[in-house]
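For reference, model_13.tsv (TSV, C-alpha atoms):
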```
chain	number	residue	atom	x	y	z
I	1	GLN	CA	19.01	82.43	-113.70
I	2	VAL	CA	18.21	84.46	-110.60
I	3	GLN	CA	18.28	88.22	-110.18
I	4	LEU	CA	18.38	89.70	-106.70
I	5	VAL	CA	17.51	93.21	-105.56
I	6	GLU	CA	18.09	94.33	-101.97
I	7	SER	CA	16.34	97.16	-100.16
I	8	GLY	CA	15.81	98.44	-96.66
I	9	GLY	CA	19.23	99.72	-95.71
I	10	GLY	CA	19.80	103.06	-94.04
I	11	LEU	CA	21.18	104.97	-91.09
I	12	VAL	CA	20.14	103.91	-87.59
I	13	GLN	CA	21.36	104.58	-84.07
I	14	ALA	CA	22.96	101.85	-82.00
I	15	GLY	CA	20.30	99.67	-80.44
I	16	GLY	CA	17.89	100.30	-83.28
I	17	SER	CA	16.42	97.97	-85.89
I	18	LEU	CA	16.26	97.58	-89.64
I	19	ARG	CA	14.67	95.02	-91.93
I	20	LEU	CA	16.40	94.23	-95.19
I	21	SER	CA	14.50	92.69	-98.09
I	22	CYS	CA	15.79	90.79	-101.09
I	23	ALA	CA	13.42	90.36	-104.01
I	24	ALA	CA	14.31	87.47	-106.31
I	25	SER	CA	13.25	86.74	-109.86
I	26	GLY	CA	12.97	83.21	-111.20
I	27	ARG	CA	10.40	80.48	-110.97
I	28	THR	CA	12.61	78.14	-108.92
I	29	PHE	CA	13.27	80.53	-106.04
I	30	SER	CA	12.11	77.94	-103.53
I	31	ARG	CA	14.91	75.57	-104.61
I	32	TYR	CA	17.73	77.94	-103.64
I	33	THR	CA	19.51	78.33	-100.36
I	34	MET	CA	19.51	82.06	-99.67
I	35	GLY	CA	22.13	83.96	-97.75
I	36	TRP	CA	23.04	87.39	-96.45
I	37	PHE	CA	26.62	88.60	-96.41
I	38	ARG	CA	28.18	91.93	-95.49
I	39	GLN	CA	31.34	93.83	-96.31
I	40	ALA	CA	32.77	96.67	-94.28
I	41	PRO	CA	35.35	99.09	-95.74
I	42	GLY	CA	38.76	97.47	-95.95
I	43	LYS	CA	37.45	94.07	-94.91
I	44	GLU	CA	36.56	90.87	-96.70
I	45	ARG	CA	32.97	89.92	-97.40
I	46	GLU	CA	31.66	87.87	-94.48
I	47	PHE	CA	28.76	85.53	-93.93
I	48	VAL	CA	25.82	86.74	-91.84
I	49	ALA	CA	22.95	84.26	-92.22
I	50	ALA	CA	21.49	81.58	-94.49
I	51	ILE	CA	18.14	79.88	-94.92
I	52	GLY	CA	17.16	76.64	-96.59
I	53	TRP	CA	14.40	75.81	-99.04
I	54	SER	CA	11.57	75.45	-96.58
I	55	GLY	CA	12.47	78.40	-94.40
I	56	ARG	CA	12.65	76.16	-91.33
I	57	ASN	CA	16.43	75.67	-91.45
I	58	THR	CA	18.55	78.69	-90.66
I	59	TYR	CA	22.22	79.31	-89.94
I	60	TYR	CA	23.88	82.39	-88.42
I	61	LYS	CA	27.23	83.96	-87.80
I	62	ASP	CA	27.86	83.71	-84.06
I	63	SER	CA	28.02	87.47	-83.50
I	64	VAL	CA	24.49	88.03	-84.86
I	65	LYS	CA	22.72	85.12	-83.18
I	66	GLY	CA	19.83	86.36	-81.09
I	67	ARG	CA	19.86	89.76	-82.80
I	68	PHE	CA	19.28	88.95	-86.49
I	69	THR	CA	16.57	86.76	-88.01
I	70	ILE	CA	16.51	85.50	-91.58
I	71	SER	CA	13.23	84.45	-93.15
I	72	ARG	CA	11.74	83.86	-96.58
I	73	ASP	CA	8.37	84.21	-98.22
I	74	SER	CA	8.24	81.93	-101.25
I	75	ALA	CA	4.91	83.35	-102.39
I	76	LYS	CA	6.60	86.74	-102.72
I	77	ASN	CA	10.01	85.40	-103.82
I	78	THR	CA	11.54	87.48	-101.04
I	79	VAL	CA	14.09	86.91	-98.31
I	80	TYR	CA	14.28	89.13	-95.25
I	81	LEU	CA	16.90	89.95	-92.65
I	82	GLN	CA	15.44	91.46	-89.49
I	83	MET	CA	18.23	93.17	-87.58
I	84	ASN	CA	17.66	94.20	-83.97
I	85	SER	CA	19.96	95.64	-81.31
I	86	LEU	CA	22.23	96.97	-84.00
I	87	LYS	CA	25.81	97.86	-83.12
I	88	PRO	CA	28.29	100.18	-84.86
I	89	GLU	CA	30.30	97.11	-85.87
I	90	ASP	CA	27.30	95.97	-87.95
I	91	THR	CA	27.97	98.85	-90.34
I	92	ALA	CA	28.60	97.45	-93.83
I	93	ILE	CA	27.16	96.92	-97.26
I	94	TYR	CA	24.78	93.98	-96.99
I	95	TYR	CA	24.42	91.59	-99.91
I	96	CYS	CA	21.79	88.99	-100.67
I	97	ALA	CA	22.95	85.81	-102.40
I	98	ALA	CA	21.44	82.65	-103.86
I	99	ALA	CA	22.94	79.18	-104.08
I	100	MET	CA	21.72	76.20	-106.06
I	101	ALA	CA	21.82	73.59	-103.32
I	102	SER	CA	19.97	70.59	-102.02
I	103	TYR	CA	17.28	70.76	-99.36
I	104	SER	CA	19.77	69.86	-96.62
I	105	ASP	CA	22.52	72.26	-97.72
I	106	TYR	CA	21.56	75.36	-95.79
I	107	ARG	CA	24.79	75.82	-93.82
I	108	LEU	CA	26.50	77.58	-96.68
I	109	SER	CA	28.80	80.28	-95.31
I	110	SER	CA	31.41	80.78	-98.03
I	111	PRO	CA	30.81	83.41	-100.73
I	112	ASN	CA	32.18	80.89	-103.25
I	113	GLU	CA	29.17	78.65	-102.63
I	114	TYR	CA	26.76	81.27	-103.95
I	115	GLY	CA	26.33	81.88	-107.65
I	116	TYR	CA	24.01	84.86	-107.66
I	117	TRP	CA	24.38	88.21	-105.90
I	118	GLY	CA	22.47	91.41	-105.45
I	119	GLN	CA	23.96	94.88	-105.74
I	120	GLY	CA	24.03	95.47	-101.99
I	121	THR	CA	22.41	97.92	-99.59
I	122	GLN	CA	24.25	100.17	-97.13
I	123	VAL	CA	23.61	99.80	-93.41
I	124	THR	CA	25.16	102.41	-91.14
I	125	VAL	CA	24.86	102.22	-87.35
I	126	SER	CA	25.87	105.32	-85.44
I	127	SER	CA	27.10	105.21	-81.86
```
Just give me the structure of the file as C-alpha cells.
Amino acid sequence: QVQLVESGGGLVQAGGSLRLSCAASGRTFSRYTMGWFRQAPGKEREFVAAIGWSGRNTYYKDSVKGRFTISRDSAKNTVYLQMNSLKPEDTAIYYCAAAMASYSDYRLSSPNEYGYWGQGTQVTVSS
C-alpha cells in the first residue's frame, strides 16, 4: 500500500518555475515506477512524466521535454517535478501516481497502469 501527498503548486506567471513534490509512504517506494499526470478543466487526465526505480530512467510527454524534469530521492521517499518556462497551457491539477512495475518498465504513460494516486495540486500559469 502506498499513500501519496503532493505539494508545491501555486500561481506563477508565464516563463516562471515551480517545483512539485510528492511524498510517498511505504517501505518499498524504490520498487515503484512513479509518474506525474495533469488534468485541465474539461479535459482528460494526461501523462506528463515518469521515472523508474533507480531514478536514471525517465520518460516525458513531448510538449514538456526540455522544460520539466522528474527526479526522485529514495532516502526521502519523494518524487519531484521541476517545471521551468511554464506556459498558460500548463495550467492544470497535477497528480502524482505510483505503479508496481519492473525495473525496466518506466515508460508507463497510461493512467490505467498506475494503482496509487495523490489528491492533486493546482498549478495556474498566468499570461
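Atom CA of I:Arg72 is positioned 14.5 Å from atom CA of I:Tyr103.
Using all atoms listed in the file, the protein and nucleic acid residues lying no more than 8 Å from stretch 50-55 of chain I, apart from those fewer than 2 places from it along its own chain, are Ser30, Arg31, Tyr32, Thr33, Met34, Gly35, Trp36, Val48, Asn57, Thr58, Tyr59, Tyr60, Ile70, Ser71, Arg72, Tyr103, Ser104, Asp105, Tyr106, Arg107, Leu108 and Ser109 of chain I.
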Serialized selection, C-alpha atoms, as an mmCIF file, in the frame of the given file:
```cif
data_model
loop_
_atom_site.group_PDB
_atom_site.id
_atom_site.type_symbol
_atom_site.label_atom_id
_atom_site.label_comp_id
_atom_site.auth_asym_id
_atom_site.auth_seq_id
_atom_site.Cartn_x
_atom_site.Cartn_y
_atom_site.Cartn_z
ATOM 1 C CA SER I 30 12.110 77.940 -103.530
ATOM 2 C CA ARG I 31 14.910 75.570 -104.610
ATOM 3 C CA TYR I 32 17.730 77.940 -103.640
ATOM 4 C CA THR I 33 19.510 78.330 -100.360
ATOM 5 C CA MET I 34 19.510 82.060 -99.670
ATOM 6 C CA GLY I 35 22.130 83.960 -97.750
ATOM 7 C CA TRP I 36 23.040 87.390 -96.450
ATOM 8 C CA VAL I 48 25.820 86.740 -91.840
ATOM 9 C CA ASN I 57 16.430 75.670 -91.450
ATOM 10 C CA THR I 58 18.550 78.690 -90.660
ATOM 11 C CA TYR I 59 22.220 79.310 -89.940
ATOM 12 C CA TYR I 60 23.880 82.390 -88.420
ATOM 13 C CA ILE I 70 16.510 85.500 -91.580
ATOM 14 C CA SER I 71 13.230 84.450 -93.150
ATOM 15 C CA ARG I 72 11.740 83.860 -96.580
ATOM 16 C CA TYR I 103 17.280 70.760 -99.360
ATOM 17 C CA SER I 104 19.770 69.860 -96.620
ATOM 18 C CA ASP I 105 22.520 72.260 -97.720
ATOM 19 C CA TYR I 106 21.560 75.360 -95.790
ATOM 20 C CA ARG I 107 24.790 75.820 -93.820
ATOM 21 C CA LEU I 108 26.500 77.580 -96.680
ATOM 22 C CA SER I 109 28.800 80.280 -95.310
#
```
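When all atoms listed in the file are used to measure the gap to I:Val123, the shortest distance among I:Arg19, I:Lys61, I:Arg67, I:Arg27 belongs to I:Arg19.
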Residues near I:Gly8, cut-off 12 Å, only C-alpha atoms, skip fewer than 5 positions along chain, as an NGL selection string = :I and (17-23 or 79-83 or 93-96 or 120-124)
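Of the listed residues I:Ala75, I:Ala97, I:Val64, I:Ala24, the one whose atoms come nearest to I:Val5 is I:Ala24, with distances taken using only C-alpha atoms.
The shortest atom-to-atom distance to I:Ala92, with only C-alpha atoms taken into account, belongs to I:Lys43 out of I:Phe29, I:Gln1, I:Gly15, I:Lys43.
Of the residues listed (I:Lys76, I:Thr69, I:Glu44, I:Glu6), I:Thr69 shows the shortest atom-to-atom separation from I:Arg56; distances use all atoms listed in the file.
Distance-wise, atom CA of I:Gln119 and atom CA of I:Asn84 end up 22.7 Å apart.
Using only C-alpha atoms, the protein and nucleic acid residues lying no more than 8 Å from I:Ser25, apart from those fewer than 5 places from it along its own chain, are Val2, Gln3, Leu4 and Asn77 of chain I.
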If you measure from atom CA of I:Lys65 to atom CA of I:Leu86, what distance in Å do you get, rounded to one decimal?
-> 11.9 Å
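Applying the 6 Å criterion to (23.9, 103.1, -87.3) in file coordinates and using only C-alpha atoms, one obtains the residues Leu11, Val12, Gln13, Ala14, Pro88, Thr124, Val125 and Ser126 of chain I.
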